[in-house]
>>> print(open('run38.cif').read())   # mmCIF, C-alpha atoms
data_data
#
loop_
_atom_site.group_PDB
_atom_site.id
_atom_site.type_symbol
_atom_site.label_atom_id
_atom_site.label_comp_id
_atom_site.auth_asym_id
_atom_site.auth_seq_id
_atom_site.Cartn_x
_atom_site.Cartn_y
_atom_site.Cartn_z
ATOM 1 C CA MET A 1 -22.630 -10.085 19.225
ATOM 2 C CA ALA A 2 -24.203 -6.976 20.701
ATOM 3 C CA ASN A 3 -22.959 -8.077 24.103
ATOM 4 C CA ASP A 4 -19.319 -8.041 23.018
ATOM 5 C CA ASN A 5 -19.140 -4.301 23.287
ATOM 6 C CA PRO A 6 -19.353 -3.213 26.921
ATOM 7 C CA SER A 7 -19.774 0.448 26.037
ATOM 8 C CA ARG A 8 -23.096 -0.303 24.330
ATOM 9 C CA PRO A 9 -25.139 -2.503 26.662
ATOM 10 C CA THR A 10 -28.133 -4.128 25.043
ATOM 11 C CA LEU A 11 -31.468 -2.632 25.930
ATOM 12 C CA LEU A 12 -34.616 -4.548 26.740
ATOM 13 C CA ARG A 13 -37.636 -3.158 24.962
ATOM 14 C CA VAL A 14 -40.811 -3.951 26.830
ATOM 15 C CA GLU A 15 -44.265 -2.493 27.272
ATOM 16 C CA VAL A 16 -46.053 -1.769 30.505
ATOM 17 C CA ALA A 17 -49.828 -1.946 30.334
ATOM 18 C CA TYR A 18 -52.653 -1.070 32.655
ATOM 19 C CA ALA A 19 -56.315 -1.220 31.717
ATOM 20 C CA ARG A 20 -59.454 0.122 33.306
ATOM 21 C CA ALA A 21 -62.832 0.012 31.640
ATOM 22 C CA ASP A 22 -62.612 3.734 30.887
ATOM 23 C CA ARG A 23 -58.951 4.047 30.007
ATOM 24 C CA GLN A 24 -56.220 1.696 28.848
ATOM 25 C CA VAL A 25 -52.575 2.630 28.662
ATOM 26 C CA ILE A 26 -49.618 0.860 27.099
ATOM 27 C CA VAL A 27 -46.258 2.494 27.722
ATOM 28 C CA PRO A 28 -43.159 1.351 25.840
ATOM 29 C CA VAL A 29 -40.008 1.451 27.965
ATOM 30 C CA GLU A 30 -36.359 0.593 27.416
ATOM 31 C CA LEU A 31 -34.311 -0.838 30.246
ATOM 32 C CA PRO A 32 -30.816 -2.243 30.664
ATOM 33 C CA GLU A 33 -30.458 -5.992 30.434
ATOM 34 C CA GLY A 34 -31.403 -7.877 33.584
ATOM 35 C CA ALA A 35 -34.088 -5.394 34.588
ATOM 36 C CA THR A 36 -37.114 -6.612 36.527
ATOM 37 C CA LEU A 37 -40.852 -6.094 36.229
ATOM 38 C CA GLU A 38 -40.654 -3.636 39.112
ATOM 39 C CA GLN A 39 -38.101 -1.475 37.288
ATOM 40 C CA ALA A 40 -40.250 -1.483 34.159
ATOM 41 C CA ILE A 41 -43.303 -0.367 36.110
ATOM 42 C CA ILE A 42 -41.385 2.429 37.813
ATOM 43 C CA ALA A 43 -39.912 3.513 34.464
ATOM 44 C CA SER A 44 -43.384 3.580 32.880
ATOM 45 C CA ARG A 45 -44.527 6.242 35.402
ATOM 46 C CA LEU A 46 -47.948 4.580 35.483
ATOM 47 C CA LEU A 47 -47.929 4.754 39.283
ATOM 48 C CA GLU A 48 -47.991 8.550 39.050
ATOM 49 C CA GLN A 49 -50.719 8.521 36.393
ATOM 50 C CA PHE A 50 -53.013 6.196 38.309
ATOM 51 C CA PRO A 51 -53.121 7.093 42.009
ATOM 52 C CA GLU A 52 -55.105 3.925 42.799
ATOM 53 C CA LEU A 53 -51.966 1.872 42.122
ATOM 54 C CA SER A 54 -49.322 1.390 44.768
ATOM 55 C CA LEU A 55 -46.206 -0.650 44.208
ATOM 56 C CA SER A 56 -46.544 -2.596 47.468
ATOM 57 C CA SER A 57 -49.922 -4.123 46.539
ATOM 58 C CA LEU A 58 -49.565 -4.568 42.762
ATOM 59 C CA LYS A 59 -50.589 -7.763 41.053
ATOM 60 C CA VAL A 60 -48.434 -8.009 37.971
ATOM 61 C CA GLY A 61 -47.505 -10.417 35.252
ATOM 62 C CA VAL A 62 -46.484 -10.820 31.651
ATOM 63 C CA PHE A 63 -48.969 -11.636 28.878
ATOM 64 C CA GLY A 64 -51.694 -12.984 31.124
ATOM 65 C CA LYS A 65 -49.447 -14.968 33.465
ATOM 66 C CA LEU A 66 -49.098 -13.700 37.027
ATOM 67 C CA GLY A 67 -45.514 -13.078 38.007
ATOM 68 C CA LYS A 68 -43.352 -11.493 40.654
ATOM 69 C CA LEU A 69 -42.150 -7.912 40.685
ATOM 70 C CA SER A 70 -38.623 -9.254 41.062
ATOM 71 C CA ALA A 71 -38.826 -11.455 37.957
ATOM 72 C CA ALA A 72 -36.460 -10.664 35.092
ATOM 73 C CA LEU A 73 -37.765 -9.241 31.853
ATOM 74 C CA ARG A 74 -37.226 -10.429 28.349
ATOM 75 C CA THR A 75 -37.362 -8.184 25.357
ATOM 76 C CA GLY A 76 -40.847 -8.005 23.844
ATOM 77 C CA ASP A 77 -42.606 -8.680 27.147
ATOM 78 C CA ARG A 78 -45.803 -6.850 27.976
ATOM 79 C CA VAL A 79 -45.730 -6.185 31.683
ATOM 80 C CA GLU A 80 -49.319 -6.029 32.875
ATOM 81 C CA ILE A 81 -50.800 -4.547 36.010
ATOM 82 C CA TYR A 82 -53.952 -6.392 37.047
ATOM 83 C CA ARG A 83 -57.060 -5.305 38.887
ATOM 84 C CA PRO A 84 -59.084 -7.472 41.271
ATOM 85 C CA LEU A 85 -62.349 -9.067 40.188
ATOM 86 C CA LEU A 86 -65.536 -7.292 41.181
ATOM 87 C CA ALA A 87 -67.642 -10.440 41.147
ATOM 88 C CA ASP A 88 -67.232 -13.549 43.222
ATOM 89 C CA PRO A 89 -66.867 -16.337 40.634
ATOM 90 C CA LYS A 90 -68.837 -18.769 42.804
ATOM 91 C CA GLU A 91 -71.727 -16.317 43.116
ATOM 92 C CA VAL A 92 -71.790 -15.654 39.374
ATOM 93 C CA ARG A 93 -71.904 -19.367 38.677
ATOM 94 C CA LYS A 94 -74.638 -19.931 41.280
ATOM 95 C CA LYS A 95 -76.683 -17.101 39.818
ATOM 96 C CA ARG A 96 -76.356 -18.481 36.312
ATOM 97 C CA ALA A 97 -77.342 -21.925 37.523
ATOM 98 C CA ALA A 98 -80.375 -20.451 39.283
ATOM 99 C CA GLU A 99 -81.383 -18.686 36.080
ATOM 100 C CA GLY A 100 -81.192 -21.996 34.308
ATOM 101 C CA LYS A 101 -78.299 -20.978 32.088
ATOM 102 C CA ARG A 102 -75.740 -23.537 31.268
ATOM 103 C CA MET A 103 -72.046 -22.987 31.896
ATOM 104 C CA ARG A 104 -70.138 -23.591 28.750
ATOM 105 C CA ARG A 105 -67.072 -25.635 28.086
ATOM 106 C CA GLY A 106 -64.123 -24.440 30.110
ATOM 107 C CA GLY A 107 -66.330 -22.539 32.497
ATOM 108 C CA GLY A 108 -66.180 -25.337 35.015
ATOM 109 C CA ASP A 109 -69.552 -26.628 36.030
ATOM 110 C CA LEU A 110 -72.157 -27.929 33.645
ATOM 111 C CA GLU A 111 -75.662 -28.426 34.883
ATOM 112 C CA PRO A 112 -76.495 -32.118 35.435
ATOM 113 C CA ASP A 113 -78.820 -32.401 32.459
ATOM 114 C CA GLY A 114 -79.190 -28.864 31.276
ATOM 115 C CA GLY A 115 -79.494 -27.723 27.678
ATOM 116 C CA MET B 1 -14.891 0.585 -36.621
ATOM 117 C CA ILE B 2 -12.810 -1.088 -33.940
ATOM 118 C CA VAL B 3 -13.507 1.846 -31.641
ATOM 119 C CA ASP B 4 -17.280 1.465 -32.196
ATOM 120 C CA ILE B 5 -17.278 -2.237 -31.440
ATOM 121 C CA PHE B 6 -15.060 -1.705 -28.432
ATOM 122 C CA SER B 7 -17.136 1.116 -26.966
ATOM 123 C CA LEU B 8 -20.441 -0.699 -27.489
ATOM 124 C CA GLY B 9 -18.915 -3.837 -26.008
ATOM 125 C CA LEU B 10 -17.755 -1.860 -23.007
ATOM 126 C CA LEU B 11 -21.202 -0.350 -22.620
ATOM 127 C CA ALA B 12 -22.790 -3.820 -22.733
ATOM 128 C CA ALA B 13 -20.340 -5.162 -20.187
ATOM 129 C CA ALA B 14 -20.944 -2.208 -17.873
ATOM 130 C CA SER B 15 -24.731 -2.621 -18.140
ATOM 131 C CA GLY B 16 -24.402 -6.324 -17.470
ATOM 132 C CA LEU B 17 -22.322 -5.722 -14.371
ATOM 133 C CA LEU B 18 -24.792 -3.093 -13.152
ATOM 134 C CA LEU B 19 -27.774 -5.416 -13.657
ATOM 135 C CA GLY B 20 -25.952 -8.288 -12.019
ATOM 136 C CA PHE B 21 -25.106 -6.118 -9.021
ATOM 137 C CA ALA B 22 -28.658 -4.786 -8.807
ATOM 138 C CA ALA B 23 -30.078 -8.313 -8.893
ATOM 139 C CA VAL B 24 -28.007 -9.275 -5.871
ATOM 140 C CA ARG B 25 -28.236 -5.985 -3.980
ATOM 141 C CA PHE B 26 -31.976 -5.449 -4.392
ATOM 142 C CA LYS B 27 -33.040 -9.079 -4.201
ATOM 143 C CA VAL B 28 -36.656 -9.313 -3.073
ATOM 144 C CA GLU B 29 -37.136 -11.469 -0.010
ATOM 145 C CA GLY B 30 -40.304 -13.516 -0.130
ATOM 146 C CA ASP B 31 -43.255 -12.982 -2.390
ATOM 147 C CA PRO B 32 -44.114 -9.280 -2.729
ATOM 148 C CA ILE B 33 -47.656 -10.004 -3.901
ATOM 149 C CA VAL B 34 -48.428 -11.667 -0.549
ATOM 150 C CA GLU B 35 -47.254 -8.502 1.217
ATOM 151 C CA GLN B 36 -49.452 -6.356 -1.000
ATOM 152 C CA ILE B 37 -52.509 -8.543 -0.473
ATOM 153 C CA ASP B 38 -51.845 -8.641 3.273
ATOM 154 C CA SER B 39 -51.641 -4.842 3.395
ATOM 155 C CA ILE B 40 -55.136 -4.638 1.887
ATOM 156 C CA LEU B 41 -56.622 -7.108 4.373
ATOM 157 C CA PRO B 42 -58.004 -5.520 7.569
ATOM 158 C CA GLN B 43 -55.766 -7.433 10.031
ATOM 159 C CA THR B 44 -58.690 -8.370 12.235
ATOM 160 C CA GLN B 45 -57.308 -11.942 12.375
ATOM 161 C CA CYS B 46 -60.930 -13.043 12.769
ATOM 162 C CA GLY B 47 -60.698 -16.196 10.674
ATOM 163 C CA GLN B 48 -64.023 -15.596 8.905
ATOM 164 C CA CYS B 49 -62.285 -16.261 5.582
ATOM 165 C CA GLY B 50 -61.637 -19.821 6.717
ATOM 166 C CA TYR B 51 -57.924 -19.280 7.281
ATOM 167 C CA ALA B 52 -56.101 -18.831 10.576
ATOM 168 C CA GLY B 53 -55.503 -15.136 10.000
ATOM 169 C CA CYS B 54 -55.039 -12.394 7.452
ATOM 170 C CA ARG B 55 -51.553 -13.449 6.402
ATOM 171 C CA PRO B 56 -52.479 -17.092 5.701
ATOM 172 C CA TYR B 57 -55.480 -15.838 3.697
ATOM 173 C CA ALA B 58 -53.183 -13.524 1.712
ATOM 174 C CA GLU B 59 -50.906 -16.467 0.977
ATOM 175 C CA ALA B 60 -53.891 -18.548 -0.121
ATOM 176 C CA ILE B 61 -55.093 -15.792 -2.472
ATOM 177 C CA ALA B 62 -51.607 -15.457 -3.935
ATOM 178 C CA ALA B 63 -51.440 -19.212 -4.448
ATOM 179 C CA GLY B 64 -54.841 -19.180 -6.148
ATOM 180 C CA GLU B 65 -56.414 -21.374 -3.449
ATOM 181 C CA ALA B 66 -58.793 -18.748 -2.072
ATOM 182 C CA ASP B 67 -61.094 -16.257 -3.728
ATOM 183 C CA ILE B 68 -60.916 -12.529 -3.098
ATOM 184 C CA ASN B 69 -64.432 -12.228 -1.656
ATOM 185 C CA GLN B 70 -64.000 -14.112 1.615
ATOM 186 C CA CYS B 71 -63.226 -11.214 3.969
ATOM 187 C CA PRO B 72 -66.355 -9.632 5.528
ATOM 188 C CA PRO B 73 -64.459 -7.094 7.699
ATOM 189 C CA GLY B 74 -62.692 -5.820 4.574
ATOM 190 C CA GLY B 75 -66.095 -5.412 2.942
ATOM 191 C CA GLU B 76 -66.842 -4.434 -0.643
ATOM 192 C CA GLY B 77 -64.016 -1.899 -0.546
ATOM 193 C CA GLY B 78 -61.565 -4.640 0.284
ATOM 194 C CA VAL B 79 -62.822 -6.866 -2.536
ATOM 195 C CA ILE B 80 -62.521 -3.992 -5.014
ATOM 196 C CA ALA B 81 -58.985 -3.188 -3.860
ATOM 197 C CA LEU B 82 -57.966 -6.849 -4.160
ATOM 198 C CA ALA B 83 -59.575 -7.075 -7.602
ATOM 199 C CA GLU B 84 -57.625 -4.003 -8.730
ATOM 200 C CA LEU B 85 -54.369 -5.322 -7.355
ATOM 201 C CA LEU B 86 -54.780 -8.721 -8.970
ATOM 202 C CA GLY B 87 -56.400 -7.523 -12.190
ATOM 203 C CA ARG B 88 -59.609 -9.454 -11.632
ATOM 204 C CA ASP B 89 -63.274 -8.509 -11.686
ATOM 205 C CA PRO B 90 -64.743 -7.485 -8.321
ATOM 206 C CA LYS B 91 -67.515 -9.717 -7.020
ATOM 207 C CA PRO B 92 -69.907 -9.547 -4.076
ATOM 208 C CA LEU B 93 -68.816 -10.918 -0.702
ATOM 209 C CA ASN B 94 -69.358 -14.611 -0.258
ATOM 210 C CA PRO B 95 -72.296 -14.852 2.202
ATOM 211 C CA GLU B 96 -70.842 -18.108 3.545
ATOM 212 C CA ASN B 97 -68.059 -16.092 5.153
ATOM 213 C CA GLY B 98 -70.411 -13.615 6.810
ATOM 214 C CA ALA B 99 -71.742 -10.136 6.213
ATOM 215 C CA GLU B 100 -70.043 -6.761 6.339
ATOM 216 C CA LYS B 101 -70.706 -5.033 9.662
ATOM 217 C CA PRO B 102 -69.766 -1.692 11.171
ATOM 218 C CA LYS B 103 -66.635 -1.846 13.289
ATOM 219 C CA MET B 104 -67.367 -3.225 16.721
ATOM 220 C CA LEU B 105 -65.471 -3.269 19.975
ATOM 221 C CA ALA B 106 -65.592 -5.966 22.634
ATOM 222 C CA VAL B 107 -66.523 -4.725 26.099
ATOM 223 C CA ILE B 108 -66.348 -6.843 29.245
ATOM 224 C CA ASP B 109 -69.088 -6.577 31.866
ATOM 225 C CA GLU B 110 -66.959 -6.185 34.973
ATOM 226 C CA GLN B 111 -69.764 -7.225 37.313
ATOM 227 C CA ASN B 112 -69.768 -10.698 35.797
ATOM 228 C CA CYS B 113 -66.186 -11.380 34.758
ATOM 229 C CA ILE B 114 -64.860 -14.340 36.738
ATOM 230 C CA GLY B 115 -61.248 -14.071 35.569
ATOM 231 C CA CYS B 116 -61.185 -17.376 33.734
ATOM 232 C CA THR B 117 -58.659 -16.271 31.022
ATOM 233 C CA LEU B 118 -60.538 -18.079 28.239
ATOM 234 C CA CYS B 119 -61.083 -14.853 26.296
ATOM 235 C CA LEU B 120 -57.414 -13.943 26.664
ATOM 236 C CA GLN B 121 -56.451 -17.194 25.025
ATOM 237 C CA ALA B 122 -58.943 -16.685 22.209
ATOM 238 C CA CYS B 123 -57.857 -13.129 21.361
ATOM 239 C CA PRO B 124 -55.659 -13.199 18.251
ATOM 240 C CA VAL B 125 -54.177 -9.759 18.878
ATOM 241 C CA ASP B 126 -53.534 -9.760 22.653
ATOM 242 C CA ALA B 127 -56.109 -7.014 23.095
ATOM 243 C CA ILE B 128 -57.367 -8.352 26.427
ATOM 244 C CA LEU B 129 -55.383 -7.650 29.551
ATOM 245 C CA GLY B 130 -55.927 -9.890 32.548
ATOM 246 C CA ALA B 131 -54.781 -12.957 34.423
ATOM 247 C CA ALA B 132 -56.343 -15.872 36.258
ATOM 248 C CA LYS B 133 -58.786 -14.639 38.936
ATOM 249 C CA HIS B 134 -58.105 -11.033 38.002
ATOM 250 C CA MET B 135 -60.235 -8.600 36.059
ATOM 251 C CA HIS B 136 -60.018 -8.892 32.290
ATOM 252 C CA THR B 137 -60.155 -5.665 30.321
ATOM 253 C CA VAL B 138 -60.313 -5.067 26.593
ATOM 254 C CA ILE B 139 -57.704 -2.605 25.380
ATOM 255 C CA ALA B 140 -59.940 -0.665 23.018
ATOM 256 C CA ARG B 141 -57.162 0.520 20.738
ATOM 257 C CA GLU B 142 -55.980 -3.021 20.102
ATOM 258 C CA CYS B 143 -59.377 -4.707 19.672
ATOM 259 C CA THR B 144 -60.175 -5.530 16.042
ATOM 260 C CA GLY B 145 -63.789 -6.489 16.754
ATOM 261 C CA CYS B 146 -63.251 -10.069 15.569
ATOM 262 C CA GLU B 147 -65.741 -11.550 18.084
ATOM 263 C CA LEU B 148 -63.530 -14.581 18.758
ATOM 264 C CA CYS B 149 -63.673 -13.868 22.511
ATOM 265 C CA LEU B 150 -67.482 -14.134 22.687
ATOM 266 C CA ALA B 151 -67.894 -17.875 22.327
ATOM 267 C CA PRO B 152 -65.368 -19.016 24.956
ATOM 268 C CA CYS B 153 -66.753 -16.781 27.759
ATOM 269 C CA PRO B 154 -68.522 -19.109 30.217
ATOM 270 C CA VAL B 155 -70.588 -16.296 31.753
ATOM 271 C CA ASP B 156 -71.490 -14.371 28.576
ATOM 272 C CA CYS B 157 -69.976 -11.207 29.972
ATOM 273 C CA ILE B 158 -68.570 -9.832 26.686
ATOM 274 C CA ASP B 159 -70.669 -7.569 24.484
ATOM 275 C CA MET B 160 -69.847 -6.124 21.102
ATOM 276 C CA LEU B 161 -70.533 -2.404 20.948
ATOM 277 C CA PRO B 162 -70.333 -0.259 17.825
ATOM 278 C CA VAL B 163 -67.329 2.032 17.811
ATOM 279 C CA ALA B 164 -68.284 5.680 17.867
ATOM 280 C CA GLN B 165 -66.134 7.547 15.421
ATOM 281 C CA ASN B 166 -64.262 10.464 16.926
ATOM 282 C CA ILE B 167 -60.779 11.882 16.834
ATOM 283 C CA GLY B 168 -59.641 9.374 19.441
ATOM 284 C CA THR B 169 -60.867 6.259 17.650
ATOM 285 C CA TRP B 170 -60.443 7.291 14.028
ATOM 286 C CA LYS B 171 -58.098 5.140 12.021
ATOM 287 C CA TRP B 172 -57.100 4.938 8.409
ATOM 288 C CA SER B 173 -59.916 3.035 6.849
ATOM 289 C CA TYR B 174 -59.092 -0.296 5.332
ATOM 290 C CA PRO B 175 -58.053 -1.257 2.765
ATOM 291 C CA LEU B 176 -54.818 0.564 3.257
ATOM 292 C CA SER B 177 -53.116 1.904 0.225
ATOM 293 C CA MET B 178 -50.623 3.666 2.463
ATOM 294 C CA PRO B 179 -49.367 1.500 5.318
ATOM 295 C CA GLU B 180 -46.652 3.997 6.306
ATOM 296 C CA PRO B 181 -48.899 6.963 7.171
ATOM 297 C CA ARG B 182 -51.020 4.638 9.280
ATOM 298 C CA ARG B 183 -47.980 3.608 11.269
ATOM 299 C CA ALA B 184 -47.082 7.227 11.756
ATOM 300 C CA ALA B 185 -50.624 8.048 12.842
ATOM 301 C CA GLU B 186 -50.610 5.239 15.382
ATOM 302 C CA GLN B 187 -47.304 6.378 16.790
ATOM 303 C CA VAL B 188 -48.713 9.850 17.300
ATOM 304 C CA ALA B 189 -51.798 8.437 18.955
ATOM 305 C CA ALA B 190 -49.609 6.398 21.304
#
>>> encode(input="run38.cif", output="structure tokens")
Amino acid sequence: MANDNPSRPTLLRVEVAYARADRQVIVPVELPEGATLEQAIIASRLLEQFPELSLSSLKVGVFGKLGKLSAALRTGDRVEIYRPLLADPKEVRKKRAAEGKRMRRGGGDLEPDGG
Amino acid sequence: MIVDIFSLGLLAAASGLLLGFAAVRFKVEGDPIVEQIDSILPQTQCGQCGYAGCRPYAEAIAAGEADINQCPPGGEGGVIALAELLGRDPKPLNPENGAEKPKMLAVIDEQNCIGCTLCLQACPVDAILGAAKHMHTVIARECTGCELCLAPCPVDCIDMLPVAQNIGTWKWSYPLSMPEPRRAAEQVAA
């Protein structure tokens, strides 16, 4: 019904989020229908706030699922900007195995007869 | 005489119409007592009460299936507020559900996070930001301290830290008697 009136295009309400250990920001933005993740990120002005971010190298997604900058948004989405891991998952697992700690369910490897 | 009967009759008819209109116009959607109970509960969605979240617990209290002392995050204050609302006697927290603790915040050890997404899936309030093979970070303002992310972490990289109270972290203490001001306060903080 809202689409019937061309003079009032429907707006997408989304949030753009970026989190560091020391500071987490969630910016609500409104965009015209059909907008992409990239447009939401530009509209959020997070790139200006966090100089370590650059649009060309961003890893982004929506609610924990990696996505493309060119993907279309849906209202209610939380566009998220991700940071790389600091640890190498294989090394962390090896270290835990060496310390005799057991990897738990979902973590991948269980020790042969640990625990 | 006729005038009296007529005028009183008219008055009755007018009142009836007004009441009838009000009943339709101001019809209450849903059960207001559930809303009131839910507004007292701390919205940690931790499940310590034995229900999937605060709202289901509120519904269970309203239906008489659950007692009012099953919410450790709400603490004694929460039990007292529920008792007042429902006209019952306050009672101590049920130790089976856990003990009252100061508000905690989940913090991820970035040196050990392997980006497995298990904590993301466990978080009932979407307070963890991350994706597969990318750093996971707790959004402090959203974290309710429910501890549900601790158990799934395969590398034990999540710690619960007490929240230091300052102007940045202060919130209306639960139970809330005034949900509206809290909303306003959160908007300002955002």
>>> interface_residues(input="run38.cif", of="chain B", to="chain A", cutoff="7 Å", atoms="all atoms listed in the file", output="count of residues only")
16
>>> atom_distance(input="run38.cif", atom1="CA of Leu120 (chain B)", atom2="CA of Leu150 (chain B)")
10.8 Å
>>> resolve_selection(input="run38.cif", expression="the PyMOL selection byres ((chain B and resi 54) around 6)", output="PDB file with C-alpha atoms, in the frame of the given file")
ATOM      1  CA  GLN B  43     -55.766  -7.433  10.031  1.00  0.00           C
ATOM      2  CA  GLN B  45     -57.308 -11.942  12.375  1.00  0.00           C
ATOM      3  CA  GLY B  53     -55.503 -15.136  10.000  1.00  0.00           C
ATOM      4  CA  ARG B  55     -51.553 -13.449   6.402  1.00  0.00           C
ATOM      5  CA  PRO B  56     -52.479 -17.092   5.701  1.00  0.00           C
ATOM      6  CA  TYR B  57     -55.480 -15.838   3.697  1.00  0.00           C
TER       7      TYR B  57
END
>>> closest_residue(input="run38.cif", among="B:Leu105, B:Val79, B:Ala132, B:Leu148", to="Gln165 (chain B)", atoms="only C-alpha atoms")
B:Leu105
>>> resolve_selection(input="run38.cif", expression="the PyMOL selection byres ((chain A and resi 34-48) around 7)", output="PyMOL selection string")
chain A and resi 16+27+29+31-33+49-51+53-54+69-73+79
>>> closest_residue(input="run38.cif", among="B:Ser15, B:Ile128, B:Glu65, B:Leu118", to="Pro152 (chain B)", atoms="all atoms listed in the file")
B:Leu118
>>> atom_distance(input="run38.cif", atom1="CA of Asp89 (chain B)", atom2="CA of Glu59 (chain B)")
19.4 Å
>>> atom_distance(input="run38.cif", atom1="CA of Asn69 (chain B)", atom2="CA of Asn94 (chain B)")
5.6 Å
>>> closest_residue(input="run38.cif", among="B:Leu17, B:Met160, B:Leu82, B:Ala66", to="Cys49 (chain B)", atoms="only C-alpha atoms")
B:Ala66
>>> closest_residue(input="run38.cif", among="B:Ile158, B:Cys143, B:Ala58, B:Ala151", to="Val107 (chain B)", atoms="all atoms listed in the file")
B:Ile158
>>> residues_around(input="run38.cif", residues="Gly75 (chain B)", least_positions_apart="3", cutoff="6 Å", atoms="all atoms listed in the file", output="mmCIF file with C-alpha atoms, keeping the file's coordinate frame")
data_model
loop_
_atom_site.group_PDB
_atom_site.id
_atom_site.type_symbol
_atom_site.label_atom_id
_atom_site.label_comp_id
_atom_site.auth_asym_id
_atom_site.auth_seq_id
_atom_site.Cartn_x
_atom_site.Cartn_y
_atom_site.Cartn_z
ATOM 1 C CA PRO B 72 -66.355 -9.632 5.528
ATOM 2 C CA GLY B 78 -61.565 -4.640 0.284
ATOM 3 C CA GLU B 100 -70.043 -6.761 6.339
#
>>> resolve_selection(input="run38.cif", expression="the PyMOL selection byres ((chain B and resi 146) around 9)", output="short mmCIF file (atom, residue, chain, number, x, y, z; two decimals) with C-alpha atoms, in the frame of the given file")
data_model
loop_
_atom_site.label_atom_id
_atom_site.label_comp_id
_atom_site.auth_asym_id
_atom_site.auth_seq_id
_atom_site.Cartn_x
_atom_site.Cartn_y
_atom_site.Cartn_z
CA THR B 44 -58.69 -8.37 12.24
CA GLN B 45 -57.31 -11.94 12.38
CA CYS B 46 -60.93 -13.04 12.77
CA GLY B 47 -60.70 -16.20 10.67
CA GLN B 48 -64.02 -15.60 8.90
CA PRO B 73 -64.46 -7.09 7.70
CA MET B 104 -67.37 -3.22 16.72
CA LEU B 105 -65.47 -3.27 19.98
CA ALA B 106 -65.59 -5.97 22.63
CA CYS B 123 -57.86 -13.13 21.36
CA PRO B 124 -55.66 -13.20 18.25
CA CYS B 143 -59.38 -4.71 19.67
CA THR B 144 -60.18 -5.53 16.04
CA GLY B 145 -63.79 -6.49 16.75
CA GLU B 147 -65.74 -11.55 18.08
CA LEU B 148 -63.53 -14.58 18.76
CA CYS B 149 -63.67 -13.87 22.51
#
